[in-house]
file start29.tsv (TSV, C-alpha atoms (C1' of nucleotides))
chain	number	residue	atom	x	y	z
A	1	MET	CA	43.91	70.19	-147.18
A	2	ALA	CA	40.99	72.59	-146.97
A	3	ALA	CA	40.19	72.21	-150.64
A	4	LYS	CA	36.66	71.05	-151.37
A	5	GLN	CA	35.09	71.45	-147.99
A	6	ALA	CA	34.24	75.14	-147.99
A	7	GLU	CA	30.58	74.23	-148.53
A	8	VAL	CA	29.55	75.08	-145.01
A	9	THR	CA	31.83	77.59	-143.38
A	10	LEU	CA	31.39	77.51	-139.67
A	11	PHE	CA	33.56	80.43	-138.77
A	12	PRO	CA	32.84	83.40	-141.03
A	13	ARG	CA	33.35	85.81	-138.18
A	14	TYR	CA	37.05	84.91	-138.18
A	15	ALA	CA	37.47	85.19	-141.94
A	16	GLN	CA	39.49	88.39	-141.65
A	17	LYS	CA	41.11	87.75	-138.28
A	18	PRO	CA	43.44	84.77	-138.35
A	19	GLU	CA	45.15	85.65	-135.05
A	20	LYS	CA	41.82	85.84	-133.20
A	21	TYR	CA	40.92	82.52	-134.74
A	22	GLN	CA	44.08	80.91	-133.42
A	23	GLN	CA	43.37	82.31	-129.98
A	24	TRP	CA	39.92	80.83	-130.10
A	25	LEU	CA	41.26	77.41	-131.06
A	26	SER	CA	43.78	77.47	-128.22
A	27	SER	CA	41.09	78.44	-125.76
A	28	ILE	CA	39.07	75.43	-126.88
A	29	GLN	CA	41.96	73.08	-126.33
A	30	GLU	CA	42.51	74.56	-122.91
A	31	ARG	CA	38.89	74.12	-122.01
A	32	PHE	CA	38.99	70.49	-123.00
A	33	GLN	CA	42.10	69.96	-120.93
A	34	GLU	CA	40.46	71.63	-117.95
A	35	HIS	CA	37.40	69.44	-118.26
A	36	LEU	CA	39.55	66.34	-118.35
A	37	GLY	CA	41.56	67.53	-115.35
A	38	ARG	CA	38.45	68.28	-113.37
A	39	ARG	CA	37.23	64.73	-113.93
A	40	GLY	CA	40.58	63.07	-113.34
A	41	LEU	CA	40.88	62.05	-116.97
A	42	LYS	CA	43.95	62.08	-119.13
A	43	LEU	CA	44.85	64.05	-122.22
A	44	THR	CA	45.93	61.56	-124.86
A	45	HIS	CA	47.21	62.01	-128.39
A	46	GLN	CA	44.01	60.54	-129.76
A	47	ARG	CA	41.86	62.99	-127.87
A	48	GLU	CA	43.98	65.86	-129.06
A	49	GLU	CA	43.81	64.67	-132.64
A	50	ILE	CA	40.07	64.19	-132.58
A	51	LEU	CA	39.47	67.69	-131.29
A	52	ARG	CA	41.94	69.07	-133.80
A	53	CYS	CA	40.13	67.27	-136.57
A	54	LEU	CA	36.86	68.96	-135.65
A	55	MET	CA	38.58	72.30	-135.40
A	56	ALA	CA	40.26	71.97	-138.79
A	57	ALA	CA	37.19	70.83	-140.68
A	58	GLU	CA	35.07	73.90	-141.15
A	59	LYS	CA	31.94	71.86	-141.59
A	60	HIS	CA	29.77	69.31	-139.88
A	61	LEU	CA	31.47	65.95	-139.57
A	62	GLY	CA	30.16	62.44	-139.07
A	63	VAL	CA	32.07	59.80	-137.15
A	64	GLU	CA	32.86	57.84	-140.28
A	65	GLU	CA	34.31	60.92	-141.98
A	66	MET	CA	36.42	61.68	-138.95
A	67	TYR	CA	37.60	58.10	-138.89
A	68	THR	CA	38.76	58.35	-142.50
A	69	ILE	CA	40.57	61.63	-141.87
A	70	LEU	CA	42.20	60.52	-138.63
A	71	LYS	CA	43.38	57.18	-139.98
A	72	LYS	CA	45.73	58.98	-142.32
A	73	GLN	CA	47.79	60.22	-139.38
A	74	ASP	CA	47.16	57.34	-137.04
A	75	PRO	CA	46.21	54.16	-138.89
A	76	LEU	CA	45.53	52.36	-135.62
A	77	ILE	CA	42.88	54.72	-134.31
A	78	GLY	CA	39.59	53.04	-133.50
A	79	ARG	CA	36.03	54.16	-134.09
A	80	ALA	CA	35.22	53.53	-130.43
A	81	THR	CA	37.74	56.14	-129.36
A	82	ILE	CA	36.12	58.70	-131.63
A	83	PHE	CA	32.69	57.98	-130.18
A	84	ARG	CA	34.06	58.17	-126.65
A	85	THR	CA	35.87	61.42	-127.25
A	86	ILE	CA	32.91	63.08	-128.91
A	87	LYS	CA	30.87	62.19	-125.86
A	88	LEU	CA	33.43	63.94	-123.66
A	89	LEU	CA	33.45	66.98	-125.91
A	90	GLN	CA	29.68	67.17	-125.77
A	91	GLU	CA	29.77	66.91	-121.99
A	92	CYS	CA	31.84	70.03	-121.68
A	93	GLY	CA	29.83	71.92	-124.26
A	94	LEU	CA	32.53	72.14	-126.91
A	95	VAL	CA	30.77	70.04	-129.51
A	96	ALA	CA	27.12	69.74	-130.51
A	97	GLU	CA	25.30	67.02	-132.34
A	98	VAL	CA	23.35	67.72	-135.50
A	99	GLY	CA	21.06	64.72	-135.80
A	100	VAL	CA	20.70	63.55	-139.34
A	101	PHE	CA	17.60	61.75	-140.42
A	102	GLN	CA	17.17	58.17	-141.63
A	103	ASN	CA	20.32	56.72	-143.23
A	104	GLY	CA	23.75	57.54	-141.84
A	105	GLY	CA	24.37	58.54	-138.22
A	106	ALA	CA	24.72	61.90	-136.55
A	107	LYS	CA	27.00	64.76	-137.48
A	108	PHE	CA	28.90	67.01	-135.13
A	109	GLU	CA	30.07	70.57	-135.04
A	110	LEU	CA	32.34	72.69	-132.91
A	111	LYS	CA	30.12	74.68	-130.59
A	112	ALA	CA	32.29	76.44	-128.02
A	113	ASP	CA	30.97	79.98	-127.82
A	114	ARG	CA	29.53	80.25	-131.27
A	115	PRO	CA	26.15	81.96	-131.16
A	116	HIS	CA	23.17	79.64	-131.00
A	117	HIS	CA	21.73	78.52	-134.32
A	118	ASP	CA	19.54	75.83	-135.83
A	119	HIS	CA	19.79	73.87	-139.06
A	120	MET	CA	18.04	73.42	-142.37
A	121	ILE	CA	19.06	70.20	-144.06
A	122	CYS	CA	18.66	69.67	-147.80
A	123	VAL	CA	17.31	66.20	-148.45
A	124	GLU	CA	18.59	66.37	-152.03
A	125	CYS	CA	22.23	67.42	-151.70
A	126	GLY	CA	22.73	66.98	-147.97
A	127	ARG	CA	23.85	70.54	-147.46
A	128	ILE	CA	23.41	71.85	-143.93
A	129	ILE	CA	22.41	75.49	-143.67
A	130	GLU	CA	22.76	77.21	-140.34
A	131	PHE	CA	20.31	79.91	-139.45
A	132	GLN	CA	19.62	82.20	-136.56
A	133	SER	CA	16.37	83.74	-135.50
A	134	PRO	CA	16.48	85.58	-132.19
A	135	MET	CA	12.73	86.16	-132.32
A	136	MET	CA	12.06	82.49	-132.78
A	137	GLU	CA	14.32	81.74	-129.82
A	138	ARG	CA	12.46	84.26	-127.79
A	139	PHE	CA	9.07	82.68	-128.36
A	140	GLN	CA	10.51	79.25	-127.82
A	141	ASP	CA	11.83	80.34	-124.44
A	142	GLU	CA	8.47	81.84	-123.67
A	143	ALA	CA	6.75	78.51	-124.41
A	144	ILE	CA	9.25	76.65	-122.26
A	145	LYS	CA	8.62	78.98	-119.33
A	146	ARG	CA	4.87	78.75	-119.81
A	147	HIS	CA	5.08	74.99	-119.28
A	148	GLY	CA	7.40	75.21	-116.29
A	149	PHE	CA	9.89	73.11	-118.23
A	150	LEU	CA	13.61	73.15	-117.53
A	151	ALA	CA	15.31	73.00	-120.93
A	152	LEU	CA	18.69	71.28	-121.12
A	153	TRP	CA	19.23	71.13	-124.86
A	154	HIS	CA	17.19	71.12	-128.00
A	155	ARG	CA	17.11	69.96	-131.56
A	156	HIS	CA	15.52	72.03	-134.25
A	157	GLU	CA	16.05	70.78	-137.77
A	158	ILE	CA	14.13	71.67	-140.88
A	159	PHE	CA	14.26	69.20	-143.75
A	160	GLY	CA	13.53	70.18	-147.34
A	161	ARG	CA	15.24	71.45	-150.46
A	162	CYS	CA	17.81	74.21	-150.45
A	163	ALA	CA	17.46	77.15	-152.84
A	164	ALA	CA	19.84	75.62	-155.40
A	165	CYS	CA	18.11	72.23	-155.46
A	166	SER	CA	14.65	73.81	-155.68
A	167	LYS	CA	15.81	75.76	-158.71
A	168	LYS	CA	17.20	72.65	-160.37
A	169	ARG	CA	13.80	71.00	-160.01
A	170	THR	CA	11.86	73.91	-161.46
A	171	GLY	CA	14.17	74.14	-164.47
A	172	THR	CA	14.47	71.33	-167.05
A	173	PRO	CA	13.88	68.16	-165.04
B	1	MET	CA	-7.79	48.75	-121.96
B	2	ALA	CA	-7.37	52.51	-121.78
B	3	ALA	CA	-6.39	52.39	-118.14
B	4	LYS	CA	-3.00	53.86	-117.36
B	5	GLN	CA	-2.20	55.62	-120.58
B	6	ALA	CA	-3.99	58.94	-120.10
B	7	GLU	CA	-0.61	60.59	-119.45
B	8	VAL	CA	-0.53	62.38	-122.79
B	9	THR	CA	-3.96	63.02	-124.20
B	10	LEU	CA	-3.70	63.72	-127.87
B	11	PHE	CA	-7.28	64.66	-128.55
B	12	PRO	CA	-8.57	67.05	-125.90
B	13	ARG	CA	-10.61	68.92	-128.45
B	14	TYR	CA	-12.86	65.87	-128.78
B	15	ALA	CA	-13.26	65.30	-125.06
B	16	GLN	CA	-16.86	66.49	-125.07
B	17	LYS	CA	-17.81	65.39	-128.59
B	18	PRO	CA	-17.68	61.63	-129.06
B	19	GLU	CA	-19.65	61.67	-132.31
B	20	LYS	CA	-17.29	64.19	-133.90
B	21	TYR	CA	-14.40	62.06	-132.73
B	22	GLN	CA	-15.83	58.98	-134.45
B	23	GLN	CA	-16.29	60.97	-137.64
B	24	TRP	CA	-12.70	62.05	-137.48
B	25	LEU	CA	-11.49	58.50	-137.03
B	26	SER	CA	-13.53	57.29	-140.01
B	27	SER	CA	-12.18	60.08	-142.16
B	28	ILE	CA	-8.67	58.97	-141.29
B	29	GLN	CA	-9.36	55.40	-142.30
B	30	GLU	CA	-10.82	56.63	-145.57
B	31	ARG	CA	-7.81	58.75	-146.26
B	32	PHE	CA	-5.52	55.81	-145.72
B	33	GLN	CA	-7.62	53.68	-148.04
B	34	GLU	CA	-7.51	56.40	-150.68
B	35	HIS	CA	-3.75	56.68	-150.44
B	36	LEU	CA	-3.40	52.94	-150.88
B	37	GLY	CA	-5.78	52.96	-153.85
B	38	ARG	CA	-3.94	55.79	-155.51
B	39	ARG	CA	-0.70	53.83	-155.31
B	40	GLY	CA	-2.20	50.49	-156.33
B	41	LEU	CA	-1.65	49.03	-152.88
B	42	LYS	CA	-3.99	46.81	-150.93
B	43	LEU	CA	-5.87	47.27	-147.71
B	44	THR	CA	-5.01	44.36	-145.46
B	45	HIS	CA	-6.18	43.38	-141.99
B	46	GLN	CA	-2.77	44.12	-140.60
B	47	ARG	CA	-2.74	47.63	-142.03
B	48	GLU	CA	-6.17	48.29	-140.63
B	49	GLU	CA	-5.18	47.03	-137.21
B	50	ILE	CA	-2.01	49.05	-137.08
B	51	LEU	CA	-3.84	52.27	-137.89
B	52	ARG	CA	-6.58	51.37	-135.39
B	53	CYS	CA	-3.93	50.81	-132.75
B	54	LEU	CA	-2.54	54.30	-133.26
B	55	MET	CA	-6.03	55.76	-133.20
B	56	ALA	CA	-6.99	54.00	-129.99
B	57	ALA	CA	-3.84	54.87	-128.05
B	58	GLU	CA	-4.19	58.47	-127.07
B	59	LYS	CA	-0.49	58.89	-126.69
B	60	HIS	CA	2.78	58.59	-128.56
B	61	LEU	CA	3.62	54.99	-129.37
B	62	GLY	CA	6.88	53.24	-130.21
B	63	VAL	CA	7.06	50.26	-132.55
B	64	GLU	CA	7.81	47.87	-129.74
B	65	GLU	CA	4.78	49.05	-127.77
B	66	MET	CA	2.58	48.67	-130.82
B	67	TYR	CA	3.95	45.20	-131.38
B	68	THR	CA	3.01	44.17	-127.85
B	69	ILE	CA	-0.49	45.57	-128.20
B	70	LEU	CA	-1.12	44.12	-131.65
B	71	LYS	CA	0.17	40.66	-130.81
B	72	LYS	CA	-2.72	40.20	-128.42
B	73	GLN	CA	-5.17	40.21	-131.31
B	74	ASP	CA	-2.90	38.75	-133.95
B	75	PRO	CA	-0.07	36.72	-132.46
B	76	LEU	CA	1.50	36.22	-135.86
B	77	ILE	CA	1.97	39.87	-136.71
B	78	GLY	CA	5.56	40.83	-137.47
B	79	ARG	CA	7.55	43.86	-136.52
B	80	ALA	CA	8.51	44.40	-140.16
B	81	THR	CA	4.86	44.92	-141.07
B	82	ILE	CA	4.51	47.57	-138.42
B	83	PHE	CA	7.55	49.41	-139.70
B	84	ARG	CA	6.30	49.15	-143.27
B	85	THR	CA	2.83	50.38	-142.42
B	86	ILE	CA	4.07	53.31	-140.39
B	87	LYS	CA	6.11	54.35	-143.38
B	88	LEU	CA	2.96	54.32	-145.52
B	89	LEU	CA	1.06	56.31	-142.92
B	90	GLN	CA	3.81	58.88	-142.81
B	91	GLU	CA	3.80	59.13	-146.58
B	92	CYS	CA	0.20	60.20	-146.65
B	93	GLY	CA	0.58	62.58	-143.73
B	94	LEU	CA	-1.53	60.65	-141.24
B	95	VAL	CA	1.25	59.86	-138.83
B	96	ALA	CA	4.26	61.84	-137.64
B	97	GLU	CA	7.45	60.72	-136.04
B	98	VAL	CA	8.59	62.08	-132.72
B	99	GLY	CA	12.24	61.22	-132.67
B	100	VAL	CA	13.43	60.14	-129.27
B	101	PHE	CA	17.02	60.63	-128.31
B	102	GLN	CA	19.72	58.04	-127.62
B	103	ASN	CA	18.38	54.72	-126.34
B	104	GLY	CA	15.13	53.25	-127.71
B	105	GLY	CA	13.81	54.08	-131.19
B	106	ALA	CA	11.32	56.64	-132.44
B	107	LYS	CA	7.76	57.24	-131.31
B	108	PHE	CA	4.80	58.03	-133.50
B	109	GLU	CA	1.60	59.99	-133.21
B	110	LEU	CA	-1.56	60.41	-135.23
B	111	LYS	CA	-1.22	63.63	-137.16
B	112	ALA	CA	-4.10	63.91	-139.62
B	113	ASP	CA	-5.40	67.46	-139.30
B	114	ARG	CA	-4.36	68.13	-135.74
B	115	PRO	CA	-2.91	71.61	-135.44
B	116	HIS	CA	0.85	71.80	-135.71
B	117	HIS	CA	2.80	71.45	-132.48
B	118	ASP	CA	6.27	70.63	-131.22
B	119	HIS	CA	7.50	68.56	-128.28
B	120	MET	CA	9.26	68.93	-124.98
B	121	ILE	CA	10.64	65.63	-123.76
B	122	CYS	CA	11.42	65.00	-120.11
B	123	VAL	CA	14.72	63.17	-119.83
B	124	GLU	CA	13.80	62.03	-116.33
B	125	CYS	CA	10.31	60.52	-116.68
B	126	GLY	CA	10.04	60.31	-120.46
B	127	ARG	CA	6.87	62.36	-120.57
B	128	ILE	CA	6.21	64.09	-123.89
B	129	ILE	CA	4.63	67.51	-123.63
B	130	GLU	CA	3.10	69.00	-126.73
B	131	PHE	CA	3.22	72.73	-127.16
B	132	GLN	CA	2.15	75.27	-129.71
B	133	SER	CA	3.59	78.66	-130.40
B	134	PRO	CA	2.15	80.43	-133.43
B	135	MET	CA	4.64	83.26	-133.05
B	136	MET	CA	7.53	80.86	-133.03
B	137	GLU	CA	6.16	79.22	-136.17
B	138	ARG	CA	5.86	82.58	-137.77
B	139	PHE	CA	9.49	83.50	-137.26
B	140	GLN	CA	10.58	80.06	-138.28
B	141	ASP	CA	8.71	80.45	-141.57
B	142	GLU	CA	10.26	83.85	-141.98
B	143	ALA	CA	13.75	82.35	-141.59
B	144	ILE	CA	12.93	79.60	-144.08
B	145	LYS	CA	11.79	82.12	-146.65
B	146	ARG	CA	14.81	84.30	-146.04
B	147	HIS	CA	17.05	81.40	-147.05
B	148	GLY	CA	14.98	80.44	-150.09
B	149	PHE	CA	14.54	77.01	-148.54
B	150	LEU	CA	11.62	74.73	-149.39
B	151	ALA	CA	10.59	73.10	-146.12
B	152	LEU	CA	9.14	69.60	-146.30
B	153	TRP	CA	8.99	68.69	-142.64
B	154	HIS	CA	10.75	69.58	-139.45
B	155	ARG	CA	11.72	68.31	-136.07
B	156	HIS	CA	11.72	70.54	-133.05
B	157	GLU	CA	12.27	68.81	-129.75
B	158	ILE	CA	13.31	70.31	-126.47
B	159	PHE	CA	14.92	68.00	-123.95
B	160	GLY	CA	15.00	68.74	-120.24
B	161	ARG	CA	13.02	68.20	-117.07
B	162	CYS	CA	9.27	68.66	-116.85
B	163	ALA	CA	7.74	70.78	-114.10
B	164	ALA	CA	7.03	67.78	-111.88
B	165	CYS	CA	10.52	66.31	-112.17
B	166	SER	CA	12.17	69.70	-111.58
B	167	LYS	CA	10.17	70.06	-108.39
B	168	LYS	CA	11.18	66.61	-107.20
B	169	ARG	CA	14.84	67.59	-107.62
B	170	THR	CA	14.52	70.83	-105.70
B	171	GLY	CA	12.82	69.09	-102.79
B	172	THR	CA	14.58	66.45	-100.67
B	173	PRO	CA	16.98	64.72	-103.09
C	1	DG	C1'	63.99	60.30	-115.35
C	2	DC	C1'	61.71	56.25	-112.99
C	3	DT	C1'	57.83	53.93	-110.89
C	4	DA	C1'	53.37	52.97	-109.48
C	5	DA	C1'	48.64	53.68	-109.95
C	6	DT	C1'	45.15	54.15	-113.05
C	7	DA	C1'	42.85	55.79	-117.21
C	8	DT	C1'	42.84	54.73	-122.12
C	9	DT	C1'	43.24	52.31	-126.18
C	10	DG	C1'	41.94	49.19	-130.30
C	11	DA	C1'	39.90	44.96	-131.75
C	12	DG	C1'	36.23	42.68	-132.01
C	13	DA	C1'	32.05	41.01	-129.83
C	14	DC	C1'	27.64	42.76	-128.90
C	15	DT	C1'	23.08	45.38	-128.90
C	16	DC	C1'	19.17	47.10	-130.76
C	17	DA	C1'	16.36	49.56	-134.22
C	18	DT	C1'	15.38	49.13	-138.70
C	19	DT	C1'	15.53	46.99	-143.37
C	20	DC	C1'	15.90	43.22	-146.53
C	21	DT	C1'	14.89	38.56	-148.60
C	22	DC	C1'	12.00	35.13	-150.00
C	23	DA	C1'	8.62	31.58	-150.12
C	24	DA	C1'	3.87	31.26	-148.80
C	25	DT	C1'	-0.50	33.78	-148.74
C	26	DA	C1'	-4.14	37.04	-149.24
C	27	DG	C1'	-6.58	41.12	-151.79
C	28	DA	C1'	-8.78	42.85	-155.84
C	29	DC	C1'	-10.48	42.71	-160.17
C	30	DT	C1'	-12.49	39.69	-163.86
D	1	DA	C1'	-13.67	30.95	-158.69
D	2	DG	C1'	-9.27	32.30	-161.03
D	3	DT	C1'	-5.44	35.16	-161.89
D	4	DC	C1'	-2.31	38.65	-161.12
D	5	DT	C1'	0.17	41.05	-157.74
D	6	DA	C1'	1.05	43.08	-153.44
D	7	DT	C1'	1.76	41.55	-148.76
D	8	DT	C1'	3.11	38.93	-145.06
D	9	DG	C1'	6.15	36.82	-141.28
D	10	DA	C1'	10.44	34.64	-140.15
D	11	DG	C1'	14.72	35.21	-139.88
D	12	DA	C1'	18.93	37.02	-141.81
D	13	DA	C1'	21.32	41.29	-142.61
D	14	DT	C1'	22.74	46.01	-141.75
D	15	DG	C1'	24.69	49.72	-139.36
D	16	DA	C1'	25.30	53.10	-135.61
D	17	DG	C1'	26.77	53.01	-131.30
D	18	DT	C1'	28.41	50.51	-126.89
D	19	DC	C1'	30.88	47.20	-124.20
D	20	DT	C1'	34.78	44.09	-122.79
D	21	DC	C1'	39.32	43.15	-121.97
D	22	DA	C1'	44.22	42.63	-122.26
D	23	DA	C1'	47.90	45.63	-123.61
D	24	DT	C1'	49.57	50.37	-123.28
D	25	DA	C1'	50.03	55.31	-122.30
D	26	DT	C1'	49.63	59.16	-119.06
D	27	DT	C1'	50.22	61.40	-114.74
D	28	DA	C1'	51.75	62.36	-110.14
D	29	DG	C1'	55.10	61.38	-106.79
D	30	DC	C1'	59.65	60.32	-105.93
call {"tool": "encode", "arguments": {"input": "start29.tsv", "output": "structure tokens"}}
result
Amino acid sequence: MAAKQAEVTLFPRYAQKPEKYQQWLSSIQERFQEHLGRRGLKLTHQREEILRCLMAAEKHLGVEEMYTILKKQDPLIGRATIFRTIKLLQECGLVAEVGVFQNGGAKFELKADRPHHDHMICVECGRIIEFQSPMMERFQDEAIKRHGFLALWHRHEIFGRCAACSKKRTGTP
Amino acid sequence: MAAKQAEVTLFPRYAQKPEKYQQWLSSIQERFQEHLGRRGLKLTHQREEILRCLMAAEKHLGVEEMYTILKKQDPLIGRATIFRTIKLLQECGLVAEVGVFQNGGAKFELKADRPHHDHMICVECGRIIEFQSPMMERFQDEAIKRHGFLALWHRHEIFGRCAACSKKRTGTP
DNA sequence: GCTAATATTGAGACTCATTCTCAATAGACT
DNA sequence: AGTCTATTGAGAATGAGTCTCAATATTAGC
């Protein structure tokens, strides 16, 4: 099941701690349930499956990819339900959007309490590299304060060529 | 003509120097012409008008807005031509896209040799605030290097409420 | 467990930005 | 001016995302 998709591993910090990882996943499901309860919404099989799909895939997923995966278990599932559920998951801070440039739609990732990070996106192979830079964050926050702005969310994506693709280019073209 | 659109002033550095400003505009037109020549493309009235439109509007413009403005002078102009020309202008680095979130399409701004900046976008009033942070840039570049990434362009947009809209909220709701 | 009240679902219609197609036209070079 | 192409506008096409609605599933109360 998790065969070829180890390209981007979202959860390295759990690599050696499977029980902690399971705990984390359960806590996410609980949080979703809470959010639904708070808003008088219902927990359906589809919603459970969609969240589970994002939890199982240790990479960034687009709606179309999720649709393909989910249809195997539930051939009747509809794209609209996936869109709707993702919106709910974003609302309660469990999922974040990684906007992808021209061509196919957005991708999503499990956010929960993962530390904040931004993305570098390879325009050649499509790989998404996550990176952290506390100093960068710090000066960003400083700029936000300086302008009296109230930040709700942000999008910081760097497009270019990843190390591997740059090398390929420099070698024999 | 330039009545209500002083909300975002893109060119404050030319406020006191109209002759310099004119020089700058001419240099932009030349650069566009050069780019077209280099690629064996032609300079048409439409292309000239579209660039002029972006130069005249001292704010970020969407395609639909440009279409409305341009139709006044050339009622036959087509949206497709605007899209095509913007693409050309982006290619040669004269225009940059400011992606705008869910709802209506992207906005564009004259880039040319303006210093690099990023954007804060007010989700309440739609205002786009430009900001610079050399330190932030510096640590971003550092992160890029650290990952052996070759950056081609980036997108850094902060969504939230501008100072004015935050104040409105805190007052009598 | 059953029922009522209500939220949810999937299918397909719809929207809206952007791109494509193609026949007519306009630049650029001679 | 004439020729060779690139360009144009109109409208069709695409594609992500949203909406509508009748059928269905979930939940709380019994």
call {"tool": "residues_near_point", "arguments": {"input": "start29.tsv", "point": "(44.4, 44.1, -119.8)", "cutoff": "12 Å", "atoms": "only C-alpha atoms (C1' of nucleotides)", "output": "ChimeraX atom specification"}}
result
/C:8-10 /D:20-24
call {"tool": "closest_residue", "arguments": {"input": "start29.tsv", "among": "A:Thr44, A:Glu97, A:Leu88, A:Ala112", "to": "Ile28 (chain A)", "atoms": "all atoms listed in the file"}}
result
A:Ala112
call {"tool": "residues_around", "arguments": {"input": "start29.tsv", "residues": "region 165-170 of chain A", "least_positions_apart": "6", "cutoff": "9 Å", "atoms": "all atoms listed in the file", "output": "PyMOL selection string"}}
result
(chain A and resi 122+124-125) or (chain B and resi 148-150)
call {"tool": "residues_near_point", "arguments": {"input": "start29.tsv", "point": "(6.1, 80.0, -126.6)", "cutoff": "12 Å", "atoms": "only C-alpha atoms (C1' of nucleotides)", "output": "MDAnalysis selection string"}}
result
(chainID A and resid 135:149) or (chainID B and resid 117:120 130:139)
call {"tool": "closest_residue", "arguments": {"input": "start29.tsv", "among": "B:Leu110, B:Val63, B:Leu70, B:Cys53", "to": "chain C", "atoms": "all atoms listed in the file"}}
result
B:Val63
call {"tool": "closest_atom_pairs", "arguments": {"input": "start29.tsv", "of": "chain B", "to": "chain C", "cutoff": "12 Å", "atoms": "only C-alpha atoms (C1' of nucleotides)", "output": "tab-separated table"}}
result
residue	atom	partner	partner_atom	distance
B:Gly37	CA	C:DA28	C1'	10.7
B:Gly40	CA	C:DA28	C1'	10.1
B:Leu41	CA	C:DG27	C1'	9.4
B:Lys42	CA	C:DG27	C1'	6.3
B:Leu43	CA	C:DG27	C1'	7.4
B:Thr44	CA	C:DG27	C1'	7.3
B:His45	CA	C:DA26	C1'	9.8
B:Gln46	CA	C:DA26	C1'	11.3
B:Gly62	CA	C:DA17	C1'	10.9
B:Val63	CA	C:DA17	C1'	9.5
B:Glu64	CA	C:DA17	C1'	9.8
B:Arg79	CA	C:DT18	C1'	9.7
B:Ala80	CA	C:DT19	C1'	8.1
B:Thr81	CA	C:DT19	C1'	11.1
B:Ile82	CA	C:DT18	C1'	11.0
B:Phe83	CA	C:DT18	C1'	7.9
B:Arg84	CA	C:DT19	C1'	9.5
B:Lys87	CA	C:DT18	C1'	11.6
B:Gln102	CA	C:DA17	C1'	11.3
B:Asn103	CA	C:DC16	C1'	8.8
B:Gly104	CA	C:DA17	C1'	7.6
B:Gly105	CA	C:DA17	C1'	6.0
B:Ala106	CA	C:DA17	C1'	8.9
B:Lys107	CA	C:DA17	C1'	11.9
call {"tool": "atom_distance", "arguments": {"input": "start29.tsv", "atom1": "CA of Glu34 (chain A)", "atom2": "CA of Asp113 (chain A)"}}
result
16.0 Å
call {"tool": "atom_distance", "arguments": {"input": "start29.tsv", "atom1": "CA of His35 (chain B)", "atom2": "CA of Trp153 (chain B)"}}
result
19.2 Å
call {"tool": "atom_distance", "arguments": {"input": "start29.tsv", "atom1": "CA of Ala151 (chain A)", "atom2": "CA of Gly99 (chain B)"}}
result
16.9 Å
call {"tool": "interface_residues", "arguments": {"input": "start29.tsv", "of": "chain D", "to": "chain B", "cutoff": "8 Å", "atoms": "all atoms listed in the file", "output": "list in words"}}
result
DA6, DT8 and DG9 of chain D
